[in-house]
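Before any comments, here is the structure.
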Amino acid sequence: MEQITLGNVSITRVWEYYGSVEMEPHAFFPESSQEVWKDGVHWLAPHFLDTETNIVNSAIQTWLLRSGGKTILVDTGVGNHKERPYAPVWSHLETDFLANLARAGVQPEDVDIVINTHLHIDHVGWNTYLDGRSWVPTFTNATYLMPKDDFDFWNPANGHEPLPGRGNQNVFEDSVAPVHQAGQTLLWENSHQIDADLRLDAAPGHTPGSSVLTLSSGTDRAVFVGDLLHNPVQIVEPDANSCFCEDPAGARATRRKVLGWAADNNALLIPAHLGGHGAAEIARNGNTFDIKGWAPFAPYSEQG
């Protein structure tokens, strides 16, 4: 099953990529303990860790929401044909993402809203596609919701020096600016109410404009957390940042705040990059958190 319904909102997982990110656990999560990877191998492997290579596995996926009569995409992956000189694992991909989206019943022109939780390389790629020699918006009828703080931070004209160095090179130019120039962006700050069931809120730390999308519909709750965490290790060790967090202290504080809300409100936790079942239910365990169960989405290995 790749679709669930929470209250009035349906959620469908649309795959772009699953597999190695060519990083060992302590390169990706330098603050994580040796013990969590060793003791947790029975639930980390195979979806989140390849034990034969000691390489982290990750999913690139888009969450397709149908809410309030609108078709909404949460994050748009890496994209095809993108030149990524400092991130070769994402350079010049040729994936079937648009075909996968079509299998979920959606053509690009059907999309009403695109949410970029933040503006990293693997969250904005399908914002645009290559038409001849020009990058043009993929979703021609959509409003693209982008956090203004991230838009300003990643704009090369503003001269910021990101922590990961040049890993995000070309991303603003080929995946953000063309959409803005087409007049399709809404740059929001602090919070943005999408409809009666969906709200965006600032959740800075991973990047200055990182955000979370909260679903509250009837008695159901979920929170789409983008890159607040990349791996379930960060649920049981919430102070363990990825190596890509711009503000480490801010990322830790925000992660704890959102994980606490999810645990206290019995909300489904839906990160951007979890393989396996894609989402988790969590509970407090003193100063940390436990995984109570997984969402019913089918693991990638079970896809046809």
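For the structure tokens, the naming scheme is as follows: chains receive sequential letters (A, B, ...) according to their order of presentation, residues are indexed from 1 within each chain, and ligands are indexed from 1 in presentation order.
For stretch 178-183 of chain A, the list of residues within 7 Å, based on only C-alpha atoms and with local chain neighbours fewer than 3 positions off taken out, reads A:Trp135, A:Val136, A:Pro137, A:Asp174, A:Ser175.
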Mind dumping the selected residues with C-alpha atoms as a JSON list (two decimals), in the first residue's frame?
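So result-v8.json came out as:
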```json
[["chain", "number", "residue", "atom", "x", "y", "z"],
["A", 135, "TRP", "CA", 14.98, 25.19, -17.14],
["A", 136, "VAL", "CA", 11.24, 25.76, -16.92],
["A", 137, "PRO", "CA", 8.62, 25.02, -14.21],
["A", 174, "ASP", "CA", 18.22, 25.73, -12.18],
["A", 175, "SER", "CA", 15.51, 24.72, -9.70]]
```
field: A:Trp43 environment, 12 Å, only C-alpha atoms, sequence neighbours closer than 2 positions dropped, as an MDAnalysis selection string
entry: chainID A and resid 36:41 45:51 231:233 276:277 291 293:294
Within 9 Å of stretch 236-241 of chain A: each stretch 1-106 of chain A residue with its shortest pair, only C-alpha atoms, as JSON lines:
```
{"residue": "A:Phe28", "atom": "CA", "partner": "A:Asn241", "partner_atom": "CA", "distance": 8.6}
{"residue": "A:Phe29", "atom": "CA", "partner": "A:Asn241", "partner_atom": "CA", "distance": 5.9}
{"residue": "A:Pro30", "atom": "CA", "partner": "A:Asn241", "partner_atom": "CA", "distance": 7.4}
{"residue": "A:Glu31", "atom": "CA", "partner": "A:Ala240", "partner_atom": "CA", "distance": 4.8}
{"residue": "A:Ser32", "atom": "CA", "partner": "A:Ala240", "partner_atom": "CA", "distance": 5.0}
{"residue": "A:Ser33", "atom": "CA", "partner": "A:Glu237", "partner_atom": "CA", "distance": 8.3}
{"residue": "A:Val36", "atom": "CA", "partner": "A:Glu237", "partner_atom": "CA", "distance": 8.1}
```
Near-A:Asp220 list (9 Å; only C-alpha atoms; drop same-chain fewer than 6 positions) as number ranges by chain: A: 6-7, 266-268
Just-selected residues, N, CA and C atoms written as an mmCIF file, in the first residue's frame:
```cif
data_model
loop_
_atom_site.group_PDB
_atom_site.id
_atom_site.type_symbol
_atom_site.label_atom_id
_atom_site.label_comp_id
_atom_site.auth_asym_id
_atom_site.auth_seq_id
_atom_site.Cartn_x
_atom_site.Cartn_y
_atom_site.Cartn_z
ATOM 1 N N LEU A 6 -5.712 10.248 6.315
ATOM 2 C CA LEU A 6 -5.794 10.773 7.671
ATOM 3 C C LEU A 6 -6.823 11.896 7.666
ATOM 4 N N GLY A 7 -7.931 11.676 8.375
ATOM 5 C CA GLY A 7 -8.995 12.669 8.342
ATOM 6 C C GLY A 7 -9.481 12.883 6.928
ATOM 7 N N ASN A 266 0.315 11.934 19.359
ATOM 8 C CA ASN A 266 0.098 10.683 18.612
ATOM 9 C C ASN A 266 0.084 10.951 17.109
ATOM 10 N N ALA A 267 1.013 11.790 16.678
ATOM 11 C CA ALA A 267 1.082 12.196 15.272
ATOM 12 C C ALA A 267 2.048 11.300 14.508
ATOM 13 N N LEU A 268 1.688 10.949 13.296
ATOM 14 C CA LEU A 268 2.574 10.186 12.428
ATOM 15 C C LEU A 268 3.729 11.087 12.000
#
```
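Shell of stretch 191-205 of chain A at 9 Å, with only C-alpha atoms counted and residues fewer than 6 places along the chain excluded, is Gly7, Asn8, Val9, Ser67, Gly68, Thr117, Pro147, Ser211, Val212, Leu213, Thr214, Leu215, Ser216, Ser217, Gly218, Val225, Leu228, Cys245, Glu246, Asp247, Pro248, Ala249, Gly250, Ala251, Arg252, Ala253, Thr254, Arg255 and Val258 of chain A.
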Closest-contact table, stretch 207-265 of chain A side, partner stretch 119-126 of chain A, 10 Å, counting only C-alpha atoms, as CSV:
```
residue,atom,partner,partner_atom,distance
A:Thr207,CA,A:Leu119,CA,8.4
A:Pro208,CA,A:Leu119,CA,10.0
A:Gly209,CA,A:Leu119,CA,8.2
A:Ser210,CA,A:Leu119,CA,8.1
A:Gly226,CA,A:His123,CA,8.5
A:Asp227,CA,A:His123,CA,9.3
A:Phe244,CA,A:His120,CA,9.7
```
